Amino acid sequence: WAQETFSFSMGVEMREPQSKDDIDYNSFQELLTQYEVDVTILPTWYPSGFELLDITVTETPSQKIYLAYFASTNESFKISIKSFLATESEKIEQSKEFVEIYSTSGVDYFLFSNHKQNRAVWTIGAYECYISGSISVEEIKSMIDSIEKG
């Protein structure tokens, strides 16, 4: 990573996902299942008091982005999963305040902060994932620890 940005370099070739029309989703897991994304990349534990407010899917010629927004009374966070159809990678801003590599179950999670937001960024297969929000690093680590337990 550079001093102010972080990005992965993806060299994975992916097939074009099937399009889905007019589907309503009750959960982030349901959306990912409909798009045939392995749901074991999602946490199964979330901090108490948070509610899922919105789920979106955005498609471009080079990527598909699955995004879920969660909020409580005073805090919020989002989970983003990107499947790359080309070798492009997103750059994520970071500050010098905090950088940690948290490794569990053979996956490296890059933890850092920027503008009072804590973030975790990782890749699994052809997916680039991140959790970002006004939640604690301990809460992010607990969410990470729950990913393969679902």
# chains A, B, ... in the order shown; residues from 1 in each chain; ligands from 1

$ residues_around --residues "Tyr66 of chain A" --least-positions-apart "6" --cutoff "8 Å" --atoms "only C-alpha atoms" --output "PyMOL selection string"
chain A and resi 32+55-58+80-82

$ select_by_dssp --residues "segment 46-118 of chain A" --states "strand (DSSP E)" --output "ChimeraX atom specification"
/A:51-59,63-71,76-84,92-93,99-104,107-114,117-118

$ residues_around --residues "Leu111 of chain A" --least-positions-apart "2" --cutoff "8 Å" --atoms "only C-alpha atoms" --output "PyMOL selection string"
chain A and resi 98-102+109+113+118-121+137

$ atom_distance --atom1 "atom CA of Ile41 of chain A" --atom2 "atom CA of Ser132 of chain A"
15.2 Å

$ residues_around --residues "segment 103-105 of chain A" --least-positions-apart "4" --cutoff "9 Å" --atoms "only C-alpha atoms" --output "list in words"
Tyr109, Phe110, Ile144, Asp145 and Glu148 of chain A

$ residues_around --residues "Gly49 of chain A" --least-positions-apart "5" --cutoff "9 Å" --atoms "only C-alpha atoms" --output "ChimeraX atom specification"
/A:71-73

$ write_last_selection --atoms "N, CA and C atoms" --output "PDB file, in the first residue's frame"
ATOM      1  N   ALA A  71     -27.028   0.362  10.756  1.00  0.00           N
ATOM      2  CA  ALA A  71     -26.965   1.520  11.641  1.00  0.00           C
ATOM      3  C   ALA A  71     -27.618   1.205  12.977  1.00  0.00           C
ATOM      4  N   SER A  72     -27.110   1.892  13.990  1.00  0.00           N
ATOM      5  CA  SER A  72     -27.735   1.902  15.314  1.00  0.00           C
ATOM      6  C   SER A  72     -28.076   3.357  15.599  1.00  0.00           C
ATOM      7  N   THR A  73     -28.393   3.655  16.825  1.00  0.00           N
ATOM      8  CA  THR A  73     -28.762   5.026  17.170  1.00  0.00           C
ATOM      9  C   THR A  73     -27.643   6.016  16.868  1.00  0.00           C
TER      10      THR A  73
END

$ closest_residue --among "A:Glu75, A:Glu59, A:Asp54, A:Glu128" --to "Tyr35 of chain A" --atoms "only C-alpha atoms"
A:Glu59

$ atom_distance --atom1 "atom CA of Ser27 of chain A" --atom2 "atom CA of Pro61 of chain A"
25.5 Å

$ closest_residue --among "A:Phe112, A:Asp38, A:Phe77, A:Ser134" --to "Glu51 of chain A" --atoms "only C-alpha atoms"
A:Phe77

$ closest_residue --among "A:Ile131, A:Ala126, A:Leu52, A:Ile65" --to "Ile79 of chain A" --atoms "only C-alpha atoms"
A:Ile131

$ closest_residue --among "A:Glu138, A:Trp45, A:Phe50, A:Lys116" --to "Tyr69 of chain A" --atoms "only C-alpha atoms"
A:Phe50

$ closest_residue --among "A:Ser136, A:Lys78, A:Thr60, A:Gln117" --to "Pro43 of chain A" --atoms "only C-alpha atoms"
A:Lys78
